[in-house]
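Structure file data36.txt (compact mmCIF, C-alpha atoms) follows.
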```
# COMPACT_ATOMS: atom_id res chain seq x y z
CA MET A 1 58.60 1.24 33.56
CA GLU A 2 60.01 -1.79 35.40
CA ARG A 3 57.34 -3.81 37.15
CA VAL A 4 57.32 -3.90 40.95
CA VAL A 5 55.76 -7.07 42.34
CA LEU A 6 55.43 -8.01 46.00
CA HIS A 7 54.64 -11.42 47.42
CA SER A 8 53.28 -11.43 50.96
CA ASP A 9 53.30 -14.76 52.81
CA CYS A 10 51.72 -15.05 56.28
CA ASN A 11 54.13 -16.96 58.51
CA CYS A 12 52.82 -20.17 60.12
CA PHE A 13 49.38 -18.85 59.22
CA TYR A 14 46.97 -21.23 60.94
CA ALA A 15 49.16 -21.48 64.06
CA SER A 16 49.71 -17.70 64.15
CA VAL A 17 45.97 -17.07 64.01
CA GLU A 18 45.37 -19.51 66.86
CA MET A 19 48.09 -17.87 68.98
CA HIS A 20 46.62 -14.43 68.33
CA ARG A 21 43.14 -15.63 69.32
CA ASN A 22 44.50 -17.39 72.42
CA PRO A 23 47.51 -15.52 73.89
CA HIS A 24 48.16 -18.39 76.34
CA LEU A 25 49.53 -20.39 73.40
CA ARG A 26 52.30 -17.87 72.67
CA GLY A 27 55.78 -19.12 73.36
CA LYS A 28 54.67 -22.76 73.20
CA ALA A 29 55.14 -25.49 70.62
CA VAL A 30 51.75 -25.36 68.90
CA VAL A 31 50.41 -27.21 65.87
CA VAL A 32 47.06 -27.03 64.17
CA GLY A 33 46.07 -30.65 63.60
CA GLY A 34 43.19 -32.65 62.25
CA ASN A 35 40.85 -34.97 64.10
CA GLU A 36 42.71 -38.20 64.87
CA GLU A 37 39.50 -40.10 65.59
CA ALA A 38 38.26 -39.20 62.11
CA ARG A 39 41.66 -40.27 60.66
CA HIS A 40 42.61 -36.70 59.77
CA GLY A 41 45.42 -36.61 62.34
CA ILE A 42 48.17 -34.77 60.53
CA VAL A 43 49.99 -31.50 61.17
CA LEU A 44 48.37 -28.71 59.14
CA ALA A 45 50.52 -25.87 60.48
CA LYS A 46 53.16 -25.39 63.14
CA SER A 47 54.46 -22.57 65.31
CA PRO A 48 58.14 -21.52 65.22
CA HIS A 49 58.79 -23.41 68.49
CA ALA A 50 57.33 -26.60 67.03
CA LYS A 51 59.34 -26.08 63.86
CA ALA A 52 62.51 -25.74 65.92
CA ALA A 53 61.74 -29.11 67.51
CA GLY A 54 61.69 -30.74 64.07
CA VAL A 55 57.93 -30.94 63.55
CA LYS A 56 57.01 -30.92 59.87
CA THR A 57 53.81 -30.01 58.08
CA GLY A 58 51.98 -33.07 56.81
CA GLU A 59 53.39 -35.60 59.26
CA ALA A 60 51.21 -37.61 61.62
CA LEU A 61 50.44 -36.07 65.01
CA TRP A 62 51.85 -39.09 66.84
CA GLU A 63 55.17 -38.55 65.05
CA ALA A 64 55.11 -34.86 65.98
CA ARG A 65 54.49 -35.72 69.66
CA GLN A 66 57.52 -38.04 69.65
CA LYS A 67 59.71 -35.17 68.44
CA CYS A 68 58.13 -32.63 70.81
CA PRO A 69 56.62 -34.20 73.98
CA GLY A 70 55.03 -30.94 75.19
CA LEU A 71 53.27 -30.31 71.88
CA VAL A 72 49.93 -28.45 72.04
CA VAL A 73 47.47 -29.56 69.35
CA VAL A 74 44.69 -27.14 68.36
CA PRO A 75 41.81 -28.13 66.04
CA PRO A 76 41.48 -26.10 62.83
CA ASP A 77 38.94 -23.30 62.50
CA TYR A 78 38.70 -22.47 58.81
CA THR A 79 36.11 -19.77 59.37
CA ALA A 80 38.65 -17.83 61.42
CA TYR A 81 41.40 -18.39 58.86
CA LEU A 82 39.18 -17.13 56.05
CA ARG A 83 38.37 -14.04 58.09
CA TYR A 84 42.04 -13.25 58.78
CA SER A 85 42.86 -13.88 55.14
CA ARG A 86 40.22 -11.36 54.05
CA LEU A 87 41.45 -8.82 56.59
CA ALA A 88 45.01 -9.15 55.30
CA ARG A 89 43.82 -8.61 51.73
CA MET A 90 41.93 -5.49 52.77
CA ILE A 91 45.28 -4.08 53.94
CA TYR A 92 46.86 -4.96 50.60
CA TYR A 93 44.04 -3.23 48.72
CA ASP A 94 45.05 0.03 50.37
CA TYR A 95 48.15 -0.01 48.15
CA THR A 96 46.94 -1.46 44.85
CA ASP A 97 43.89 -2.92 43.15
CA ARG A 98 46.00 -5.75 41.72
CA VAL A 99 45.98 -8.31 44.54
CA GLU A 100 46.09 -11.96 43.49
CA PRO A 101 45.62 -14.58 46.24
CA PHE A 102 47.64 -17.80 46.09
CA GLY A 103 45.82 -19.77 48.75
CA LEU A 104 44.66 -18.33 52.06
CA ASP A 105 48.01 -17.09 53.33
CA GLU A 106 49.78 -15.78 50.22
CA CYS A 107 49.16 -12.89 47.84
CA TRP A 108 50.93 -11.15 44.99
CA LEU A 109 50.64 -7.38 44.74
CA ASP A 110 51.55 -5.27 41.72
CA ILE A 111 52.51 -1.82 43.05
CA THR A 112 54.14 -0.55 39.87
CA GLY A 113 51.81 2.42 39.63
CA SER A 114 52.46 3.62 43.17
CA ALA A 115 56.09 2.66 43.75
CA GLY A 116 57.68 2.05 40.38
CA SER A 117 58.91 5.63 39.86
CA PHE A 118 60.75 6.09 43.16
CA VAL A 119 64.01 4.45 44.16
CA GLY A 120 63.54 2.46 47.38
CA ALA A 121 59.78 3.01 47.45
CA ALA A 122 59.03 -0.68 46.91
CA ARG A 123 60.92 -1.67 50.05
CA LEU A 124 59.22 1.07 52.06
CA VAL A 125 55.79 -0.16 50.93
CA ALA A 126 56.73 -3.75 51.76
CA GLU A 127 57.94 -2.78 55.24
CA GLU A 128 54.81 -0.73 55.88
CA ILE A 129 52.59 -3.66 54.87
CA SER A 130 54.55 -5.95 57.17
CA GLU A 131 54.17 -3.58 60.11
CA ARG A 132 50.46 -3.00 59.47
CA VAL A 133 49.67 -6.72 59.32
CA LYS A 134 51.57 -7.26 62.57
CA ALA A 135 49.90 -4.33 64.34
CA GLU A 136 46.34 -4.82 63.04
CA LEU A 137 46.07 -8.62 62.82
CA GLY A 138 48.66 -9.86 65.29
CA ILE A 139 50.41 -12.11 62.75
CA THR A 140 53.59 -11.65 60.73
CA VAL A 141 54.29 -11.77 57.01
CA SER A 142 57.40 -12.27 54.92
CA VAL A 143 57.50 -10.05 51.85
CA GLY A 144 59.47 -10.64 48.67
CA VAL A 145 60.11 -7.81 46.20
CA SER A 146 61.07 -8.32 42.57
CA TRP A 147 60.20 -7.45 39.00
CA ASN A 148 58.35 -10.76 38.44
CA LYS A 149 56.02 -13.01 40.42
CA ILE A 150 58.35 -16.01 40.60
CA PHE A 151 61.25 -14.19 42.23
CA ALA A 152 58.91 -12.20 44.47
CA LYS A 153 57.54 -15.47 45.87
CA LEU A 154 61.04 -16.88 46.16
CA GLY A 155 62.05 -13.80 48.17
CA SER A 156 59.25 -14.35 50.69
CA ASP A 157 60.18 -18.05 50.90
CA ILE A 158 63.82 -17.22 51.65
CA ASP A 159 62.92 -15.09 54.67
CA ASP A 160 62.12 -17.09 57.81
CA GLY A 161 60.82 -14.17 59.88
CA ASP A 162 58.84 -11.05 59.06
CA GLY A 163 61.46 -9.33 56.94
CA VAL A 164 61.66 -8.06 53.38
CA VAL A 165 63.85 -9.67 50.71
CA GLU A 166 64.55 -7.84 47.45
CA ILE A 167 65.58 -9.76 44.35
CA THR A 168 66.61 -7.39 41.58
CA ARG A 169 68.13 -7.68 38.15
CA ASP A 170 71.46 -6.79 39.73
CA ASN A 171 71.54 -9.42 42.48
CA TYR A 172 69.39 -12.35 41.34
CA ARG A 173 72.36 -14.41 40.14
CA GLU A 174 73.91 -14.22 43.61
CA ALA A 175 70.63 -14.46 45.56
CA VAL A 176 68.70 -17.03 43.52
CA TRP A 177 70.95 -19.20 41.40
CA PRO A 178 72.88 -20.87 44.29
CA LEU A 179 69.58 -22.12 45.81
CA ALA A 180 68.52 -25.75 45.39
CA ALA A 181 66.31 -26.35 42.38
CA LYS A 182 63.51 -27.63 44.65
CA GLU A 183 63.08 -24.10 46.04
CA LEU A 184 61.57 -23.01 42.72
CA ILE A 185 57.81 -23.12 42.34
CA TYR A 186 56.54 -26.26 40.57
CA VAL A 187 59.76 -28.18 41.19
CA GLY A 188 58.45 -31.00 43.34
CA PRO A 189 60.12 -34.24 44.49
CA ALA A 190 59.62 -36.07 41.18
CA THR A 191 60.95 -33.14 39.12
CA THR A 192 63.86 -32.74 41.54
CA ARG A 193 64.85 -36.37 40.97
CA LYS A 194 64.64 -35.99 37.21
CA LEU A 195 66.79 -32.86 37.30
CA ALA A 196 69.32 -34.45 39.66
CA SER A 197 69.69 -37.42 37.30
CA SER A 198 70.85 -34.87 34.70
CA HIS A 199 73.22 -33.18 37.21
CA ILE A 200 70.94 -30.16 37.61
CA PHE A 201 70.98 -29.40 41.34
CA THR A 202 70.57 -25.63 41.69
CA ILE A 203 68.35 -22.96 40.16
CA GLY A 204 71.43 -21.66 38.38
CA ASP A 205 72.02 -25.08 36.83
CA LEU A 206 68.41 -25.06 35.65
CA ALA A 207 68.72 -21.53 34.25
CA ASN A 208 71.72 -22.52 32.14
CA ALA A 209 70.63 -26.01 31.14
CA SER A 210 70.16 -27.10 27.55
CA ASP A 211 66.70 -26.54 26.11
CA TYR A 212 66.91 -29.93 24.41
CA LEU A 213 67.82 -31.69 27.67
CA LEU A 214 64.99 -30.06 29.62
CA ALA A 215 62.48 -30.89 26.88
CA ARG A 216 63.61 -34.53 26.92
CA ARG A 217 63.41 -34.79 30.70
CA LEU A 218 60.39 -32.60 31.52
CA GLY A 219 58.53 -31.95 28.28
CA LYS A 220 56.95 -28.51 27.84
CA MET A 221 57.35 -27.79 31.55
CA GLY A 222 61.13 -27.84 31.14
CA GLY A 223 61.12 -24.62 29.15
CA VAL A 224 58.68 -23.01 31.60
CA LEU A 225 60.92 -23.83 34.58
CA LYS A 226 63.98 -22.50 32.77
CA CYS A 227 62.19 -19.19 32.20
CA PHE A 228 61.23 -19.14 35.88
CA ALA A 229 64.85 -19.72 36.89
CA ARG A 230 66.02 -16.85 34.68
CA GLY A 231 63.37 -14.43 35.91
CA GLU A 232 61.74 -14.30 32.48
CA ASP A 233 58.20 -14.60 33.77
CA ALA A 234 55.88 -11.87 32.48
CA THR A 235 52.69 -13.28 34.01
CA PRO A 236 50.61 -10.33 35.25
CA VAL A 237 49.24 -10.01 38.75
CA ARG A 238 45.56 -10.59 38.14
CA ARG A 239 42.97 -8.02 39.15
CA MET A 240 40.49 -10.07 41.16
CA ASP A 241 36.82 -9.55 41.89
CA ARG A 242 36.55 -8.33 45.48
CA ASP A 243 32.77 -8.72 45.52
CA ARG A 244 33.13 -12.45 44.89
CA ALA A 245 35.62 -13.16 47.70
CA ASP A 246 38.61 -12.95 45.35
CA VAL A 247 37.69 -16.01 43.30
CA TRP A 248 38.63 -16.33 39.65
CA ARG A 249 36.20 -14.57 37.34
CA GLU A 250 36.25 -17.69 35.15
CA MET A 251 35.75 -20.80 37.27
CA LYS A 252 37.28 -24.02 35.96
CA SER A 253 35.75 -26.59 38.30
CA VAL A 254 34.07 -27.16 41.66
CA GLY A 255 35.13 -30.06 43.87
CA ASN A 256 35.09 -31.47 47.36
CA GLY A 257 36.76 -34.47 48.99
CA LEU A 258 36.92 -36.25 52.33
CA THR A 259 38.92 -38.88 54.13
CA ALA A 260 36.22 -41.14 55.53
CA PRO A 261 36.08 -41.73 59.31
CA HIS A 262 36.41 -45.47 58.53
CA ASP A 263 37.27 -47.55 55.48
CA ILE A 264 34.47 -47.74 52.94
CA VAL A 265 33.79 -51.45 52.38
CA CYS A 266 30.21 -51.60 51.07
CA GLU A 267 27.99 -49.88 48.53
CA LYS A 268 25.70 -48.39 51.20
CA ASP A 269 28.49 -46.47 52.94
CA ALA A 270 30.00 -45.46 49.59
CA LYS A 271 26.65 -44.05 48.46
CA ALA A 272 26.27 -42.06 51.68
CA LEU A 273 29.70 -40.44 51.20
CA VAL A 274 29.19 -39.82 47.47
CA TYR A 275 25.87 -38.08 48.06
CA LEU A 276 27.33 -35.95 50.86
CA LEU A 277 30.10 -34.77 48.55
CA CYS A 278 27.76 -34.25 45.61
CA GLU A 279 25.38 -32.18 47.76
CA SER A 280 28.25 -29.80 48.48
CA VAL A 281 29.50 -29.66 44.88
CA SER A 282 26.02 -29.19 43.39
CA GLN A 283 25.02 -26.54 45.91
CA ARG A 284 28.15 -24.53 45.15
CA LEU A 285 27.45 -24.86 41.42
CA ARG A 286 23.98 -23.41 41.92
CA GLU A 287 25.35 -20.60 44.07
CA CYS A 288 27.70 -19.69 41.22
CA ARG A 289 24.88 -20.04 38.65
CA MET A 290 26.80 -22.71 36.73
CA ARG A 291 26.14 -26.16 35.29
CA ALA A 292 28.75 -28.89 34.75
CA LYS A 293 29.31 -31.05 31.68
CA THR A 294 31.79 -33.45 33.31
CA VAL A 295 31.80 -35.36 36.60
CA CYS A 296 35.10 -36.68 37.98
CA ILE A 297 35.82 -38.85 41.02
CA GLY A 298 39.09 -39.36 42.85
CA VAL A 299 39.63 -42.54 44.87
CA ARG A 300 42.34 -43.33 47.42
CA GLU A 301 42.61 -46.96 48.45
CA ALA A 302 43.09 -47.80 52.12
CA LYS A 303 45.68 -50.57 51.95
CA THR A 304 48.16 -49.11 49.47
CA LEU A 305 47.13 -45.41 49.61
CA PHE A 306 47.16 -45.60 45.81
CA GLY A 307 44.99 -42.95 44.19
CA TYR A 308 43.41 -42.51 40.78
CA THR A 309 40.75 -40.42 39.03
CA ARG A 310 37.99 -41.25 36.56
CA GLN A 311 35.56 -38.99 34.73
CA MET A 312 32.53 -39.08 32.46
CA GLN A 313 30.52 -36.65 30.37
CA LEU A 314 26.93 -35.86 31.32
CA ARG A 315 24.29 -36.09 28.63
CA VAL A 316 23.25 -32.50 29.35
CA PRO A 317 25.07 -29.95 31.56
CA SER A 318 23.54 -30.08 35.02
CA CYS A 319 23.66 -28.68 38.54
CA ALA A 320 21.12 -31.13 39.96
CA THR A 321 22.44 -33.09 42.91
CA GLY A 322 20.73 -36.30 41.82
CA GLU A 323 22.29 -36.31 38.34
CA ILE A 324 25.79 -35.51 39.54
CA ALA A 325 25.59 -38.09 42.34
CA THR A 326 24.25 -40.76 40.00
CA ALA A 327 27.15 -40.17 37.61
CA ALA A 328 29.71 -40.20 40.43
CA MET A 329 28.27 -43.40 41.89
CA ALA A 330 28.27 -45.06 38.47
CA LEU A 331 31.97 -44.22 38.05
CA LEU A 332 32.77 -45.59 41.49
CA LYS A 333 30.89 -48.87 40.98
CA LYS A 334 32.52 -49.34 37.58
CA ASN A 335 36.03 -49.07 39.04
CA GLU A 336 35.67 -50.44 42.59
CA PRO A 337 34.21 -53.74 43.85
CA LEU A 338 33.18 -51.99 47.10
CA ASP A 339 34.02 -54.88 49.41
CA SER A 340 36.22 -55.51 52.44
CA VAL A 341 39.03 -56.84 50.26
CA HIS A 342 39.36 -53.48 48.49
CA PRO A 343 38.60 -50.83 51.16
CA ILE A 344 38.50 -47.14 50.19
CA ARG A 345 40.06 -44.50 52.44
CA ALA A 346 39.09 -41.25 50.72
CA LEU A 347 36.84 -39.96 47.95
CA HIS A 348 36.77 -36.77 45.92
CA VAL A 349 34.05 -35.50 43.56
CA ARG A 350 34.67 -32.71 41.06
CA ALA A 351 32.41 -31.05 38.49
CA SER A 352 34.14 -29.43 35.50
CA GLY A 353 33.38 -28.19 32.02
CA LEU A 354 31.31 -25.41 33.54
CA VAL A 355 28.83 -23.37 31.56
CA PRO A 356 26.70 -20.43 32.76
CA MET A 357 23.21 -21.35 33.88
CA ASP A 358 21.69 -18.88 31.44
CA ALA A 359 23.52 -20.44 28.46
CA PRO A 360 21.23 -22.19 25.96
CA LEU A 361 21.00 -25.99 26.28
CA GLN A 362 20.58 -28.51 23.49
CA LEU A 363 17.41 -30.40 24.47
CA ASP A 364 17.17 -34.16 24.06
CA LEU A 365 14.19 -35.22 21.96
CA PHE A 366 13.96 -38.51 23.88
CA GLY A 367 14.84 -37.13 27.32
CA ASN A 368 12.54 -36.02 30.10
CA GLU A 369 13.43 -32.33 30.19
CA GLU A 370 10.48 -31.41 32.40
CA ARG A 371 11.64 -33.85 35.05
CA ARG A 372 15.18 -32.46 34.92
CA ALA A 373 13.91 -28.89 35.28
CA ALA A 374 11.70 -29.92 38.21
CA ALA A 375 14.68 -31.57 39.96
CA GLU A 376 16.72 -28.35 39.63
CA ARG A 377 13.83 -26.25 40.97
CA LEU A 378 13.54 -28.59 43.96
CA ASP A 379 17.27 -28.25 44.63
CA PHE A 380 17.00 -24.46 44.56
CA CYS A 381 14.15 -24.60 47.11
CA ILE A 382 16.26 -26.82 49.38
CA ASP A 383 19.15 -24.36 49.00
CA ASP A 384 16.90 -21.58 50.29
CA LEU A 385 16.04 -23.65 53.35
CA ARG A 386 19.71 -24.44 53.99
CA ARG A 387 20.68 -20.79 53.80
CA ARG A 388 18.07 -20.00 56.47
CA PHE A 389 18.44 -23.00 58.78
CA GLY A 390 21.85 -24.52 58.00
CA ASN A 391 23.09 -27.15 55.57
CA THR A 392 21.91 -30.08 57.68
CA CYS A 393 18.25 -29.04 57.93
CA VAL A 394 17.37 -31.19 54.89
CA ARG A 395 19.18 -34.49 54.38
CA ARG A 396 18.75 -37.40 52.03
CA LEU A 397 17.92 -40.69 53.68
CA GLY A 398 20.87 -42.37 51.97
CA GLU A 399 23.27 -39.89 53.60
CA LEU A 400 22.10 -41.02 57.04
CA ALA A 401 22.82 -44.69 56.38
CA ASP A 402 26.32 -44.33 57.85
CA PRO A 403 26.08 -42.91 61.42
CA SER A 404 29.71 -41.72 61.31
CA LEU A 405 28.87 -39.43 58.38
CA ALA A 406 25.43 -38.29 59.52
CA HIS A 407 26.72 -35.34 61.58
CA LEU A 408 29.05 -33.94 58.91
CA ASP A 409 28.46 -30.64 57.13
CA ILE A 410 30.91 -31.13 54.29
CA LYS A 411 30.08 -27.89 52.47
CA ALA A 412 30.68 -25.70 55.53
CA ASP A 413 33.87 -27.57 56.43
CA ASN A 414 35.27 -27.51 52.90
CA THR A 415 39.01 -26.78 53.00
CA ILE A 416 40.30 -24.03 50.73
CA HIS A 417 43.32 -25.23 48.78
CA PRO A 418 45.83 -22.99 46.98
CA VAL A 419 44.91 -22.13 43.43
CA GLY A 420 47.21 -23.01 40.57
CA TYR A 421 49.76 -20.48 39.38
CA PHE A 422 48.48 -20.83 35.80
CA GLY A 423 44.90 -20.03 36.81
CA GLY A 424 43.61 -23.55 37.48
```
Is it possible to give me this structure as structure tokens?
Amino acid sequence: MERVVLHSDCNCFYASVEMHRNPHLRGKAVVVGGNEEARHGIVLAKSPHAKAAGVKTGEALWEARQKCPGLVVVPPDYTAYLRYSRLARMIYYDYTDRVEPFGLDECWLDITGSAGSFVGAARLVAEEISERVKAELGITVSVGVSWNKIFAKLGSDIDDGDGVVEITRDNYREAVWPLAAKELIYVGPATTRKLASSHIFTIGDLANASDYLLARRLGKMGGVLKCFARGEDATPVRRMDRDRADVWREMKSVGNGLTAPHDIVCEKDAKALVYLLCESVSQRLRECRMRAKTVCIGVREAKTLFGYTRQMQLRVPSCATGEIATAAMALLKKNEPLDSVHPIRALHVRASGLVPMDAPLQLDLFGNEERRAAAERLDFCIDDLRRRFGNTCVRRLGELADPSLAHLDIKADNTIHPVGYFGG
């Protein structure tokens, strides 16, 4: 039986949620934007009216105001967006148990079992989902229908409104191949330039390009993109765990990052930010009953906006905040002078190489295992207090050294980024 895959994409998701919560915003040029005073002042999402005025996602708010003088800027509320995202998925689960999120606003659905045997049934299901989301949640979705995940997503991307686009084996050459190569998933600006230098401008050009040429220009990813362009993707729609908020059953890493309210120019402020981030990462590790073998930091410099990452292995897998923060701080001090000549704009801390907490550990004959175990038990006790009284009820003194960071609750404000297509 031919697979039937839908891709549902909530249109202007953050802005649509804000307009549904506040009807006075409807019909206006609205953007959801970050806090300019905290140097997060970029456009996160835009309404159709703002889009018509030329406002683009990711640009600075001052640039957006120049394009659209009457622009209304609304601060983000991720708690609300998570709630709407869950409500949308509950609608999808009425049609299939194979619902794979791709970020907050996108989902793939495999409805082969319920619609694969009836001609036209897939479109009827897609239209019903679109109408239900509009009626029950007050937002709109674009739905793509195809026999594979890549073309289903492309179908939802093609539609600008709340319609349904079908890409079938009969029409994909006419519907997909004339599109620019950059419309295909994982073809970003750098890949687009590489393809253009080889006179590959459309998806059709990519689909018919030489395997040797693509391997020379793009490596292994060249063959993957060619398969995508030809609709030869057999990746299944994953069956997710609803009881765990649709996260992957096998976690790869846990991370958190922040653009600092001011440039980091000394070790004291750097330590405050590192410990804030490590508190969030370590607490989430303990919630998932995992320990990490590797600690990674990401640094973005203030003057050049150049970014890089560095990582190190822990002696023993750990979920203790102190151990992870010590490793992260050691990496930072090794790679940054932490002075006013080399200011830091943003930091990211990630724990990877995860192992279950109940997995056996190789003890170190010369290590202080009792002290390590006591540190983990203390962290678990603090977690219990934070669950009852909030994440800021217990703070480390070092985190309070920078007054601009003292009020932050980084774990609660953690932004949910789209997951990777390949399960990362």
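The shortest atom-to-atom distance to Arg396 in chain A, with only C-alpha atoms taken into account, belongs to A:Leu273 out of A:Leu137, A:Leu273, A:Val341, A:Val187.
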Report task. Compare A:Leu277, A:Ile139, A:Cys12, A:Met19 by their minimum atom-to-atom distance to His348 in chain A, counting only C-alpha atoms, and give me the closest one. Result -> A:Leu277
Would you kindly identify which residues have an atom no farther than 10 Å from (39.4, -32.2, 59.7), using only C-alpha atoms and the file's own coordinates, and write them out as a short mmCIF file (atom, residue, chain, number, x, y, z; two decimals) with C-alpha atoms, in the frame of the given file?
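Resulting contents of point-v1.cif:
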```cif
data_model
loop_
_atom_site.label_atom_id
_atom_site.label_comp_id
_atom_site.auth_asym_id
_atom_site.auth_seq_id
_atom_site.Cartn_x
_atom_site.Cartn_y
_atom_site.Cartn_z
CA GLY A 33 46.07 -30.65 63.60
CA GLY A 34 43.19 -32.65 62.25
CA ASN A 35 40.85 -34.97 64.10
CA GLU A 36 42.71 -38.20 64.87
CA GLU A 37 39.50 -40.10 65.59
CA ALA A 38 38.26 -39.20 62.11
CA ARG A 39 41.66 -40.27 60.66
CA HIS A 40 42.61 -36.70 59.77
CA GLY A 41 45.42 -36.61 62.34
CA ILE A 42 48.17 -34.77 60.53
CA LEU A 44 48.37 -28.71 59.14
CA PRO A 75 41.81 -28.13 66.04
CA PRO A 76 41.48 -26.10 62.83
CA ASP A 77 38.94 -23.30 62.50
CA TYR A 78 38.70 -22.47 58.81
CA LEU A 258 36.92 -36.25 52.33
CA THR A 259 38.92 -38.88 54.13
CA ASP A 413 33.87 -27.57 56.43
CA ASN A 414 35.27 -27.51 52.90
CA THR A 415 39.01 -26.78 53.00
#
```
**Report entry** Nearest to Val316 in chain A by atom-to-atom distance, counting only C-alpha atoms, from A:Ser210, A:Thr304, A:Asn368, A:Ser253
**Finding:** A:Asn368
Query - Residue neighbourhood range 237-239 of chain A, 7 Å, all atoms listed in the file, exclusion window fewer than 5 positions, as a list in words - result: Asp97, Arg98, Val99, Glu100, Trp108, Leu109 and Asp110 of chain A
**Report entry** Shell around Leu285 in chain A at 10 Å using all atoms listed in the file, local window under 5 positions removed, as a PyMOL selection string
**Finding:** chain A and resi 253-255+279-280+290-292+318-321+351+354+356-357
Would you put the residues from that selection into a file with C-alpha atoms, as a PDB file, in the frame of the given file?
```pdb
ATOM      1  CA  SER A 253      35.750 -26.590  38.300  1.00  0.00           C
ATOM      2  CA  VAL A 254      34.070 -27.160  41.660  1.00  0.00           C
ATOM      3  CA  GLY A 255      35.130 -30.060  43.870  1.00  0.00           C
ATOM      4  CA  GLU A 279      25.380 -32.180  47.760  1.00  0.00           C
ATOM      5  CA  SER A 280      28.250 -29.800  48.480  1.00  0.00           C
ATOM      6  CA  MET A 290      26.800 -22.710  36.730  1.00  0.00           C
ATOM      7  CA  ARG A 291      26.140 -26.160  35.290  1.00  0.00           C
ATOM      8  CA  ALA A 292      28.750 -28.890  34.750  1.00  0.00           C
ATOM      9  CA  SER A 318      23.540 -30.080  35.020  1.00  0.00           C
ATOM     10  CA  CYS A 319      23.660 -28.680  38.540  1.00  0.00           C
ATOM     11  CA  ALA A 320      21.120 -31.130  39.960  1.00  0.00           C
ATOM     12  CA  THR A 321      22.440 -33.090  42.910  1.00  0.00           C
ATOM     13  CA  ALA A 351      32.410 -31.050  38.490  1.00  0.00           C
ATOM     14  CA  LEU A 354      31.310 -25.410  33.540  1.00  0.00           C
ATOM     15  CA  PRO A 356      26.700 -20.430  32.760  1.00  0.00           C
ATOM     16  CA  MET A 357      23.210 -21.350  33.880  1.00  0.00           C
TER      17      MET A 357
END
```
**Report entry** Nearby residues (only C-alpha atoms) at most 10 Å from Ala52 in chain A, same-chain spacing under 5 positions excluded, as a list in words
**Finding:**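 Residues meeting the cut-off are Ala29, Lys46, Ser47 and Cys68 of chain A.
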Requested in this report: Would you list the contacts of Lys293 in chain A as a PyMOL selection string, taking every protein, DNA or RNA residue within 6 Å and counting all atoms listed in the file, but skipping same-chain residues closer than 4 positions in sequence?
Outcome: chain A and resi 313-314+317+353
Box dimensions and centre (Å, one decimal) enclosing range 382-386 of chain A, axis-aligned, 4 Å extra per side, as JSON:
```
{"center_x": 17.9, "center_y": -24.2, "center_z": 51.5, "size_x": 11.7, "size_y": 13.2, "size_z": 13.0}
```
Query raised in the report: Which residues, written as a ChimeraX atom specification, have at least one atom at most 9 Å from Gly161 in chain A, with only C-alpha atoms counted and residues fewer than 4 positions away on the same chain left out?
Result: /A:11,140-142
Report task. Quote the spacing between CA of His342 in chain A and CA of Asp409 in chain A in Å to one decimal place. Result -> 26.7 Å
Query raised in the report: Between A:Glu301, A:Arg289, A:Asn208, A:Ala272, which one has atoms that come closest to Leu400 in chain A, using only C-alpha atoms?
Result: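 When distances to Leu400 in chain A are compared using only C-alpha atoms, the smallest one comes from A:Ala272.
The coordinates place CA of Leu206 in chain A at 5.9 Å from CA of Lys226 in chain A.
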Query raised in the report: Rounded to one decimal in Å, what is the spacing between CA of Leu71 in chain A and CA of Ala135 in chain A?
Result: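 Rounded to one decimal, the two atoms are 27.3 Å apart.
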